[in-house]
Amino acid sequence: AYFAMLSGQGWTAIAGCRQFFYAHYADWAVTFVLTTILLGLVAGAEADLIGGAAGSAVVMIFSLYMGSVSVVTTVKWFWFLISLMGLAGAIVHFGQSFKAAADLKGGEGSALYGKVAWIVILTWMCYPVVWLFSEGFASFSVSFEVCAYALLDIVAKVVMGFFSEGFASFSVSFEVCAYALLDIVAKVVMGFMVMSAHDILGEGGSQSREYV
């Protein structure tokens, strides 16, 4: 998804001439489901519980996408409410059903699930917030929106993946996660900022082509 965006692909213009990166949603439709399955496996949950949580995640992503491309304001916010219900369903699965399965298994697996689940829950709750002030109210610039989603992606996927692999100690896990976050800020975010000013760097007199 990020390769497509860096290549100038995976986006279109929506209402208000705002640049909309639909590549995000294609990525999330896959990775959110995979994250849910991984959480279910760590917790030792039954297949039907994992399926229910994955379905809730898909509802959340699909609703946010539909809200982004909706032209009618009331329809946009209706989709946003549906996405919140999907998020709530996923969180209930993570915080109750999956946790009960992890507690039943006990041992280090239960402790590991607790750490991973909190990372996922907290980061997933931030996605609708970013959407609210970007595709929703259009308060955030497109560049800031992409950077915010990039930071959430690295925490929700890469950092969570490091924890689920079960490092020998929490301090080592924290070290690796901290370096990952620093790398994403120093490289990806800087890259998006530079690309957003490509006309200024290239031809100072040309008009910017970024939709805001």
# chains A, B, ... in the order shown; residues from 1 in each chain; ligands from 1
>>> residues_around(residues="Phe140 of chain A", least_positions_apart="2", cutoff="12 Å", atoms="only C-alpha atoms", output="number ranges by chain")
A: 18-19, 129-138, 142-149, 211-212
>>> residues_around(residues="Gly8 of chain A", least_positions_apart="4", cutoff="10 Å", atoms="only C-alpha atoms", output="PyMOL selection string")
chain A and resi 2-4+21+195
>>> write_last_selection(atoms="N, CA, C and O atoms", output="mmCIF file, in the first residue's frame")
data_model
loop_
_atom_site.group_PDB
_atom_site.id
_atom_site.type_symbol
_atom_site.label_atom_id
_atom_site.label_comp_id
_atom_site.auth_asym_id
_atom_site.auth_seq_id
_atom_site.Cartn_x
_atom_site.Cartn_y
_atom_site.Cartn_z
ATOM 1 N N TYR A 2 1.904 1.263 0.840
ATOM 2 C CA TYR A 2 2.756 2.446 0.907
ATOM 3 C C TYR A 2 3.616 2.595 -0.345
ATOM 4 O O TYR A 2 3.920 3.715 -0.760
ATOM 5 N N PHE A 3 3.982 1.493 -0.968
ATOM 6 C CA PHE A 3 4.699 1.577 -2.243
ATOM 7 C C PHE A 3 3.808 2.214 -3.304
ATOM 8 O O PHE A 3 4.268 3.049 -4.099
ATOM 9 N N ALA A 4 2.529 1.826 -3.321
ATOM 10 C CA ALA A 4 1.595 2.414 -4.281
ATOM 11 C C ALA A 4 1.450 3.912 -4.060
ATOM 12 O O ALA A 4 1.458 4.701 -5.012
ATOM 13 N N PHE A 21 -6.556 8.302 -0.241
ATOM 14 C CA PHE A 21 -5.729 7.121 -0.501
ATOM 15 C C PHE A 21 -6.525 5.859 -0.174
ATOM 16 O O PHE A 21 -6.523 5.373 0.960
ATOM 17 N N MET A 195 7.912 14.491 -0.244
ATOM 18 C CA MET A 195 7.110 14.262 -1.451
ATOM 19 C C MET A 195 5.964 15.259 -1.562
ATOM 20 O O MET A 195 5.568 15.639 -2.655
#
>>> residues_around(residues="segment 95-98 of chain A", least_positions_apart="3", cutoff="6 Å", atoms="only C-alpha atoms", output="PyMOL selection string")
chain A and resi 43+45+91-92+101
>>> closest_residue(among="A:Met66, A:Val155, A:Leu41, A:Ala88", to="Lys105 of chain A", atoms="only C-alpha atoms")
A:Leu41
>>> closest_residue(among="A:Thr12, A:Ser141, A:Thr74, A:Thr123", to="Lys157 of chain A", atoms="only C-alpha atoms")
A:Thr123
>>> closest_residue(among="A:Val42, A:Ile82, A:Val30, A:Val69", to="Tyr113 of chain A", atoms="only C-alpha atoms")
A:Val42
>>> closest_residue(among="A:Glu46, A:Asp153, A:Asp27, A:Glu108", to="Tyr127 of chain A", atoms="only C-alpha atoms")
A:Asp153
>>> decode(residues="segment 85-101 of chain A", atoms="all heavy atoms", output="short mmCIF file (atom, residue, chain, number, x, y, z; two decimals), in the first residue's frame")
data_model
loop_
_atom_site.label_atom_id
_atom_site.label_comp_id
_atom_site.auth_asym_id
_atom_site.auth_seq_id
_atom_site.Cartn_x
_atom_site.Cartn_y
_atom_site.Cartn_z
N MET A 85 -19.44 0.80 15.52
CA MET A 85 -20.06 -0.43 16.02
C MET A 85 -19.20 -1.64 15.68
O MET A 85 -19.06 -2.57 16.48
CB MET A 85 -21.47 -0.59 15.45
CG MET A 85 -22.47 0.40 16.02
SD MET A 85 -24.18 0.09 15.50
CE MET A 85 -24.11 0.66 13.79
N GLY A 86 -18.60 -1.62 14.48
CA GLY A 86 -17.70 -2.71 14.11
C GLY A 86 -16.48 -2.73 15.01
O GLY A 86 -16.03 -3.80 15.45
N LEU A 87 -15.92 -1.55 15.30
CA LEU A 87 -14.78 -1.45 16.21
C LEU A 87 -15.15 -1.96 17.60
O LEU A 87 -14.37 -2.69 18.24
CB LEU A 87 -14.29 -0.01 16.29
CG LEU A 87 -13.19 0.29 17.31
CD1 LEU A 87 -11.92 -0.50 17.00
CD2 LEU A 87 -12.89 1.79 17.36
N ALA A 88 -16.34 -1.57 18.07
CA ALA A 88 -16.79 -2.01 19.39
C ALA A 88 -16.92 -3.52 19.44
O ALA A 88 -16.55 -4.16 20.44
CB ALA A 88 -18.13 -1.34 19.73
N GLY A 89 -17.43 -4.12 18.36
CA GLY A 89 -17.55 -5.57 18.32
C GLY A 89 -16.20 -6.26 18.40
O GLY A 89 -16.04 -7.27 19.11
N ALA A 90 -15.20 -5.71 17.68
CA ALA A 90 -13.86 -6.29 17.73
C ALA A 90 -13.25 -6.16 19.12
O ALA A 90 -12.64 -7.10 19.64
CB ALA A 90 -12.97 -5.62 16.68
N ILE A 91 -13.43 -4.99 19.75
CA ILE A 91 -12.86 -4.76 21.08
C ILE A 91 -13.50 -5.69 22.11
O ILE A 91 -12.82 -6.21 23.00
CB ILE A 91 -13.03 -3.29 21.49
CG1 ILE A 91 -12.14 -2.40 20.62
CG2 ILE A 91 -12.69 -3.09 22.96
CD1 ILE A 91 -12.29 -0.92 20.89
N VAL A 92 -14.82 -5.92 21.98
CA VAL A 92 -15.49 -6.84 22.89
C VAL A 92 -14.91 -8.25 22.75
O VAL A 92 -14.68 -8.95 23.75
CB VAL A 92 -17.01 -6.85 22.63
CG1 VAL A 92 -17.68 -8.00 23.37
CG2 VAL A 92 -17.62 -5.53 23.07
N HIS A 93 -14.66 -8.66 21.52
CA HIS A 93 -14.05 -9.97 21.31
C HIS A 93 -12.66 -10.03 21.94
O HIS A 93 -12.31 -11.01 22.61
CB HIS A 93 -13.96 -10.28 19.82
CG HIS A 93 -15.21 -10.83 19.23
ND1 HIS A 93 -16.26 -10.03 18.82
CD2 HIS A 93 -15.61 -12.11 18.99
CE1 HIS A 93 -17.23 -10.78 18.33
NE2 HIS A 93 -16.87 -12.04 18.43
N PHE A 94 -11.86 -8.98 21.73
CA PHE A 94 -10.51 -8.97 22.26
C PHE A 94 -10.49 -8.92 23.78
O PHE A 94 -9.70 -9.61 24.43
CB PHE A 94 -9.72 -7.77 21.71
CG PHE A 94 -9.55 -7.77 20.22
CD1 PHE A 94 -9.33 -6.59 19.53
CD2 PHE A 94 -9.61 -8.95 19.50
CE1 PHE A 94 -9.16 -6.59 18.16
CE2 PHE A 94 -9.46 -8.97 18.11
CZ PHE A 94 -9.24 -7.78 17.45
N GLY A 95 -11.35 -8.07 24.34
CA GLY A 95 -11.32 -7.84 25.78
C GLY A 95 -12.07 -8.87 26.60
O GLY A 95 -11.80 -9.00 27.80
N GLN A 96 -13.01 -9.62 26.00
CA GLN A 96 -13.78 -10.59 26.76
C GLN A 96 -13.58 -12.01 26.25
O GLN A 96 -13.02 -12.85 26.96
CB GLN A 96 -15.27 -10.21 26.71
CG GLN A 96 -15.59 -8.89 27.41
CD GLN A 96 -17.08 -8.60 27.43
OE1 GLN A 96 -17.91 -9.40 26.99
NE2 GLN A 96 -17.45 -7.42 27.94
N SER A 97 -14.01 -12.27 25.02
CA SER A 97 -13.97 -13.65 24.51
C SER A 97 -12.54 -14.18 24.39
O SER A 97 -12.22 -15.26 24.89
CB SER A 97 -14.67 -13.72 23.15
OG SER A 97 -16.00 -13.25 23.24
N PHE A 98 -11.68 -13.40 23.74
CA PHE A 98 -10.29 -13.83 23.58
C PHE A 98 -9.58 -13.89 24.92
O PHE A 98 -8.79 -14.80 25.18
CB PHE A 98 -9.55 -12.89 22.64
CG PHE A 98 -9.87 -13.08 21.18
CD1 PHE A 98 -11.01 -13.76 20.78
CD2 PHE A 98 -9.05 -12.55 20.19
CE1 PHE A 98 -11.32 -13.93 19.44
CE2 PHE A 98 -9.33 -12.72 18.86
CZ PHE A 98 -10.48 -13.41 18.48
N LYS A 99 -9.85 -12.90 25.77
CA LYS A 99 -9.19 -12.86 27.08
C LYS A 99 -9.59 -14.06 27.93
O LYS A 99 -8.76 -14.64 28.64
CB LYS A 99 -9.53 -11.57 27.81
CG LYS A 99 -8.77 -11.39 29.12
CD LYS A 99 -9.08 -10.06 29.76
CE LYS A 99 -8.24 -9.85 31.01
NZ LYS A 99 -8.44 -10.91 32.02
N ALA A 100 -10.87 -14.45 27.85
CA ALA A 100 -11.33 -15.62 28.61
C ALA A 100 -10.60 -16.87 28.13
O ALA A 100 -10.21 -17.72 28.94
CB ALA A 100 -12.83 -15.77 28.46
N ALA A 101 -10.41 -16.99 26.82
CA ALA A 101 -9.68 -18.14 26.28
C ALA A 101 -8.23 -18.12 26.72
O ALA A 101 -7.65 -19.16 27.05
CB ALA A 101 -9.78 -18.15 24.76
#
